Amino acid sequence: MQRVSVGLGVRDAYGSELLAIRDRGVLDVLEVMIDDGLEASPRLETWRRLGARWPLIAHGTELGIASAEPPDPGYLKRVAKALGRAHVHWYSEHLAFVATKDTALGHFVPLGSSEEELAVLRDNVAAVRARVPVPFLLENPSDILGWEAELGGHSLGARYARSLEVAECGALLDLTNLLLDAKNDGWDPMHFLDAMDLERVVQIHVAGGRFDGALHIDSHDHDVTDETWDLLAHVGARASQLRAVIIERDDRLPPLDALLGEVSRARAALAKAGRA
Amino acid sequence: MTDADERSSRHRVAATQALVAAFLSSAEVERGVRADPVAWAAHFGAPLAVAERLARLDAHRLAAFRASMRHKQDMREGKAPTRLRQ
């Protein structure tokens, strides 16, 4: 199977340090947050320079692909322009809604299971595809509410698989979201993976969460756990279309060298799967 | 699916999402739904099962969701992330 690229989510705090890296080989790929690139800013010049050194992929948070409201054509036009400017290879979003006509949550609420919700998703994705000229991936969001926890790992995995099938999209599989939901809701992450078509997995996210004494929170502010690396090796050995693994870190930012150490750990996990 | 079917689907999904979003973002709606899910489901035109599920949501999980929501809002408004020392 093909070698998998490993890299980091670009955050402003690391921009100049990334540009100062001498050995380009310490990273294979970078992921930009496309909603941060819709307006003119110095960040775009940083992205341009980073893109000259590494392939870029894009991740979004504001689209709300599962929303009952169709995607805003004006927003999609700006996203498409930003994606083109950054020359990204693909664009991903969360399988969730983030707002309604009257309420902006600014937070992901996972898609439900009904056929009506799937039909809305299918049409929303078609609207994105009509305007965005790169492949579109859907990510499994963390479900801190345990909204449908009683379904268990197998049914939740099957629901994710069905959503990808209906939308005809590849998967951005967030292993940390998967593990934390499984811990919070008492199901086996392997049951989720067994219910999926792993051939749809194009990208993986990993991050470190925190435990508040009762719940595991997907906070992106700690190191990635050994359990996550083990799961990466498991999926890496089975997901033949997997192309990239991205490490996300949004708070309690360590020195860049520490994140590059996590890149090395991802590569070690993928080596166990014959993908490094 | 016809255009009319699609509009109808979207309308029903919109009603569900409106109830969920109002519950998640408003302590007043939360209290109301927990006390009388039937009335709030009717008010939003959402399925009763959704209101009943919201009424059963664990309070700690809801608090964690709202804290995460505030944190994301702070970041969007430009709050810098913390940095660990070397």
# chains A, B, ... in the order shown; residues from 1 in each chain; ligands from 1

call {"tool": "interface_residues", "arguments": {"of": "chain A", "to": "chain B", "cutoff": "7 Å", "atoms": "only C-alpha atoms", "output": "JSON, numbers by chain"}}
result
{"A": [68, 100, 103, 105, 106, 107, 116, 117, 120, 144, 145, 250, 251, 252, 253, 254, 255]}

call {"tool": "write_last_selection", "arguments": {"atoms": "all heavy atoms", "output": "tab-separated table (two decimals), in the first residue's frame"}}
result
chain	number	residue	atom	x	y	z
A	68	ALA	N	-29.99	22.12	8.04
A	68	ALA	CA	-31.22	22.18	7.24
A	68	ALA	C	-31.19	23.33	6.25
A	68	ALA	O	-31.88	23.28	5.22
A	68	ALA	CB	-32.43	22.31	8.16
A	100	THR	N	-28.45	27.41	13.02
A	100	THR	CA	-29.75	27.38	12.37
A	100	THR	C	-30.02	28.78	11.86
A	100	THR	O	-29.19	29.68	12.01
A	100	THR	CB	-30.86	26.96	13.35
A	100	THR	OG1	-31.00	28.01	14.33
A	100	THR	CG2	-30.52	25.65	14.06
A	103	THR	N	-30.05	30.69	15.28
A	103	THR	CA	-29.09	30.47	16.37
A	103	THR	C	-27.75	30.02	15.81
A	103	THR	O	-27.67	28.98	15.15
A	103	THR	CB	-29.60	29.37	17.33
A	103	THR	OG1	-30.91	29.72	17.76
A	103	THR	CG2	-28.69	29.24	18.54
A	105	LEU	N	-24.52	28.42	16.86
A	105	LEU	CA	-23.91	27.70	17.97
A	105	LEU	C	-22.39	27.83	17.92
A	105	LEU	O	-21.73	27.86	18.95
A	105	LEU	CB	-24.29	26.22	17.92
A	105	LEU	CG	-25.75	25.89	18.23
A	105	LEU	CD1	-26.06	24.44	17.85
A	105	LEU	CD2	-26.03	26.13	19.71
A	106	GLY	N	-21.84	27.85	16.72
A	106	GLY	CA	-20.38	27.89	16.60
A	106	GLY	C	-19.75	26.63	17.15
A	106	GLY	O	-18.58	26.63	17.56
A	107	HIS	N	-20.48	25.56	17.18
A	107	HIS	CA	-20.00	24.28	17.73
A	107	HIS	C	-20.68	23.17	16.96
A	107	HIS	O	-21.84	23.31	16.57
A	107	HIS	CB	-20.33	24.20	19.22
A	107	HIS	CG	-19.55	23.16	19.95
A	107	HIS	ND1	-19.71	21.81	19.74
A	107	HIS	CD2	-18.60	23.27	20.91
A	107	HIS	CE1	-18.88	21.14	20.52
A	107	HIS	NE2	-18.19	22.00	21.25
A	116	GLU	N	-34.33	11.61	6.32
A	116	GLU	CA	-34.49	13.02	5.93
A	116	GLU	C	-33.18	13.78	6.13
A	116	GLU	O	-32.79	14.60	5.28
A	116	GLU	CB	-35.60	13.68	6.74
A	116	GLU	CG	-36.98	13.23	6.31
A	116	GLU	CD	-38.08	13.85	7.16
A	116	GLU	OE1	-37.82	14.19	8.32
A	116	GLU	OE2	-39.19	13.97	6.65
A	117	GLU	N	-32.52	13.52	7.24
A	117	GLU	CA	-31.25	14.20	7.49
A	117	GLU	C	-30.20	13.78	6.45
A	117	GLU	O	-29.40	14.60	5.99
A	117	GLU	CB	-30.76	13.91	8.91
A	117	GLU	CG	-31.54	14.69	9.95
A	117	GLU	CD	-31.34	14.15	11.35
A	117	GLU	OE1	-31.77	12.99	11.61
A	117	GLU	OE2	-30.77	14.85	12.19
A	120	VAL	N	-30.90	15.61	3.21
A	120	VAL	CA	-30.41	17.00	3.29
A	120	VAL	C	-28.90	17.03	3.11
A	120	VAL	O	-28.35	17.85	2.37
A	120	VAL	CB	-30.83	17.63	4.64
A	120	VAL	CG1	-30.07	18.92	4.90
A	120	VAL	CG2	-32.34	17.90	4.65
A	144	ILE	N	-19.80	15.14	22.44
A	144	ILE	CA	-19.68	15.27	23.90
A	144	ILE	C	-21.05	15.13	24.59
A	144	ILE	O	-21.14	14.74	25.75
A	144	ILE	CB	-19.01	16.62	24.27
A	144	ILE	CG1	-18.62	16.67	25.74
A	144	ILE	CG2	-19.89	17.79	23.94
A	144	ILE	CD1	-17.51	15.75	26.10
A	145	LEU	N	-22.11	15.44	23.85
A	145	LEU	CA	-23.45	15.33	24.44
A	145	LEU	C	-23.90	13.88	24.58
A	145	LEU	O	-24.84	13.59	25.31
A	145	LEU	CB	-24.47	16.07	23.56
A	145	LEU	CG	-24.30	17.58	23.48
A	145	LEU	CD1	-25.16	18.15	22.36
A	145	LEU	CD2	-24.67	18.23	24.81
A	250	ASP	N	-4.42	22.95	19.37
A	250	ASP	CA	-5.03	24.29	19.37
A	250	ASP	C	-4.78	25.08	20.64
A	250	ASP	O	-5.07	26.28	20.67
A	250	ASP	CB	-6.54	24.16	19.14
A	250	ASP	CG	-6.86	23.77	17.71
A	250	ASP	OD1	-6.40	24.48	16.80
A	250	ASP	OD2	-7.51	22.75	17.50
A	251	ASP	N	-4.32	24.45	21.71
A	251	ASP	CA	-4.10	25.19	22.95
A	251	ASP	C	-3.02	24.48	23.76
A	251	ASP	O	-2.67	23.34	23.46
A	251	ASP	CB	-5.40	25.29	23.75
A	251	ASP	CG	-5.46	26.56	24.59
A	251	ASP	OD1	-4.42	27.26	24.70
A	251	ASP	OD2	-6.52	26.87	25.14
A	252	ARG	N	-2.52	25.20	24.78
A	252	ARG	CA	-1.35	24.70	25.52
A	252	ARG	C	-0.30	24.28	24.49
A	252	ARG	O	0.18	23.16	24.48
A	252	ARG	CB	-1.72	23.53	26.45
A	252	ARG	CG	-2.77	23.91	27.50
A	252	ARG	CD	-3.12	22.74	28.42
A	252	ARG	NE	-2.05	22.42	29.33
A	252	ARG	CZ	-1.27	21.33	29.24
A	252	ARG	NH1	-1.44	20.45	28.27
A	252	ARG	NH2	-0.33	21.09	30.12
A	253	LEU	N	0.04	25.25	23.64
A	253	LEU	CA	0.90	24.95	22.50
A	253	LEU	C	2.32	24.66	22.98
A	253	LEU	O	2.94	25.50	23.64
A	253	LEU	CB	0.92	26.12	21.52
A	253	LEU	CG	-0.44	26.54	20.95
A	253	LEU	CD1	-0.25	27.74	19.98
A	253	LEU	CD2	-1.13	25.40	20.22
A	254	PRO	N	2.86	23.53	22.61
A	254	PRO	CA	4.25	23.22	22.99
A	254	PRO	C	5.21	23.82	21.97
A	254	PRO	O	4.78	24.28	20.91
A	254	PRO	CB	4.27	21.70	22.94
A	254	PRO	CG	3.33	21.37	21.83
A	254	PRO	CD	2.25	22.42	21.87
A	255	PRO	N	6.52	23.77	22.24
A	255	PRO	CA	7.48	24.17	21.19
A	255	PRO	C	7.26	23.31	19.96
A	255	PRO	O	6.84	22.15	20.07
A	255	PRO	CB	8.83	23.88	21.84
A	255	PRO	CG	8.58	23.86	23.31
A	255	PRO	CD	7.18	23.37	23.49

call {"tool": "select_by_dssp", "arguments": {"residues": "range 77-263 of chain A", "states": "strand (DSSP E or B)", "output": "NGL selection string"}}
result
:A and (91-94 or 96-99 or 104-110 or 136-139 or 170-174 or 201-206 or 208-211 or 216-222 or 244-247 or 253)

call {"tool": "write_last_selection", "arguments": {"atoms": "C-alpha atoms", "output": "short mmCIF file (atom, residue, chain, number, x, y, z; two decimals), in the first residue's frame"}}
result
data_model
loop_
_atom_site.label_atom_id
_atom_site.label_comp_id
_atom_site.auth_asym_id
_atom_site.auth_seq_id
_atom_site.Cartn_x
_atom_site.Cartn_y
_atom_site.Cartn_z
CA TYR A 91 -11.13 20.10 1.60
CA SER A 92 -12.79 18.55 4.64
CA GLU A 93 -15.61 19.47 6.98
CA HIS A 94 -17.40 18.04 10.02
CA ALA A 96 -22.52 18.26 11.74
CA PHE A 97 -24.58 21.41 11.84
CA VAL A 98 -23.23 24.53 13.55
CA ALA A 99 -26.10 26.98 13.20
CA ALA A 104 -25.35 30.40 15.73
CA LEU A 105 -23.91 27.70 17.97
CA GLY A 106 -20.38 27.89 16.60
CA HIS A 107 -20.00 24.28 17.73
CA PHE A 108 -20.55 20.97 16.00
CA VAL A 109 -23.76 19.06 16.64
CA PRO A 110 -23.54 15.66 14.97
CA PHE A 136 -14.55 16.94 -0.31
CA LEU A 137 -14.16 14.76 2.83
CA LEU A 138 -16.47 14.38 5.81
CA GLU A 139 -15.16 14.09 9.38
CA GLY A 170 -14.25 10.16 1.35
CA ALA A 171 -13.68 10.09 5.10
CA LEU A 172 -11.57 12.25 7.32
CA LEU A 173 -11.55 9.86 10.26
CA ASP A 174 -10.76 11.59 13.55
CA VAL A 201 -10.66 6.83 4.62
CA VAL A 202 -8.45 9.39 2.90
CA GLN A 203 -7.23 11.36 5.90
CA ILE A 204 -6.88 10.88 9.65
CA HIS A 205 -6.84 13.47 12.45
CA VAL A 206 -5.21 12.80 15.80
CA GLY A 208 -4.75 14.96 22.58
CA GLY A 209 -7.79 15.56 24.77
CA ARG A 210 -8.22 16.08 28.49
CA PHE A 211 -10.23 14.34 31.20
CA HIS A 216 -13.02 12.95 28.05
CA ILE A 217 -12.98 16.26 26.16
CA ASP A 218 -11.67 16.70 22.61
CA SER A 219 -9.67 19.79 23.58
CA HIS A 220 -6.65 19.51 21.27
CA ASP A 221 -4.43 20.67 24.12
CA HIS A 222 -2.43 17.60 25.15
CA ALA A 244 -2.45 11.82 5.10
CA VAL A 245 -2.37 11.97 8.88
CA ILE A 246 -2.59 15.38 10.51
CA ILE A 247 -1.78 16.20 14.16
CA LEU A 253 0.90 24.95 22.50
#

call {"tool": "select_by_dssp", "arguments": {"residues": "chain B", "states": "alpha helix (DSSP H)", "output": "ChimeraX atom specification"}}
result
/B:3-25,27-35,37-44,48-56,59-76

call {"tool": "closest_residue", "arguments": {"among": "A:Asp257, A:Asp185, A:Glu150, A:Asp72", "to": "Ala214 in chain A", "atoms": "only C-alpha atoms"}}
result
A:Asp185

call {"tool": "closest_residue", "arguments": {"among": "A:Glu165, A:Asp188, A:Asp181, A:Asp12", "to": "Glu148 in chain A", "atoms": "only C-alpha atoms"}}
result
A:Asp181

call {"tool": "atom_distance", "arguments": {"atom1": "CA of Asp36 in chain A", "atom2": "CA of Arg131 in chain A"}}
result
19.0 Å

call {"tool": "residues_around", "arguments": {"residues": "Val38 in chain B", "least_positions_apart": "2", "cutoff": "12 Å", "atoms": "only C-alpha atoms", "output": "list of chain:residue names"}}
result
B:Gly32, B:Val33, B:Arg34, B:Ala35, B:Asp36, B:Trp40, B:Ala41, B:Ala42, B:His43, B:Phe44, B:Gly45, B:Ala46, B:Pro47, B:Leu48, B:Ala49, B:Val50, B:Ala51, B:Glu52, B:Arg53, B:Leu54, B:Ala55

call {"tool": "write_last_selection", "arguments": {"atoms": "C-alpha atoms", "output": "compact mmCIF listing (two decimals), in the first residue's frame"}}
result
# COMPACT_ATOMS: atom_id res chain seq x y z
CA GLY B 32 -38.66 24.60 29.64
CA VAL B 33 -37.90 21.45 27.65
CA ARG B 34 -36.91 19.51 30.76
CA ALA B 35 -40.17 20.55 32.44
CA ASP B 36 -42.52 20.11 29.49
CA TRP B 40 -41.68 22.65 23.47
CA ALA B 41 -41.78 20.03 20.73
CA ALA B 42 -45.10 21.51 19.60
CA HIS B 43 -43.74 25.07 19.84
CA PHE B 44 -40.90 24.24 17.42
CA GLY B 45 -42.87 21.76 15.34
CA ALA B 46 -40.21 19.15 16.14
CA PRO B 47 -40.70 15.46 16.89
CA LEU B 48 -41.58 14.74 20.53
CA ALA B 49 -38.84 12.08 20.63
CA VAL B 50 -36.24 14.82 20.07
CA ALA B 51 -37.61 16.96 22.91
CA GLU B 52 -37.72 13.94 25.20
CA ARG B 53 -34.15 13.04 24.35
CA LEU B 54 -33.06 16.62 25.09
CA ALA B 55 -34.95 16.52 28.40

call {"tool": "atom_distance", "arguments": {"atom1": "CA of Ala13 in chain A", "atom2": "CA of Ala40 in chain A"}}
result
18.0 Å

call {"tool": "atom_distance", "arguments": {"atom1": "CA of Ala258 in chain A", "atom2": "CA of Val224 in chain A"}}
result
11.1 Å
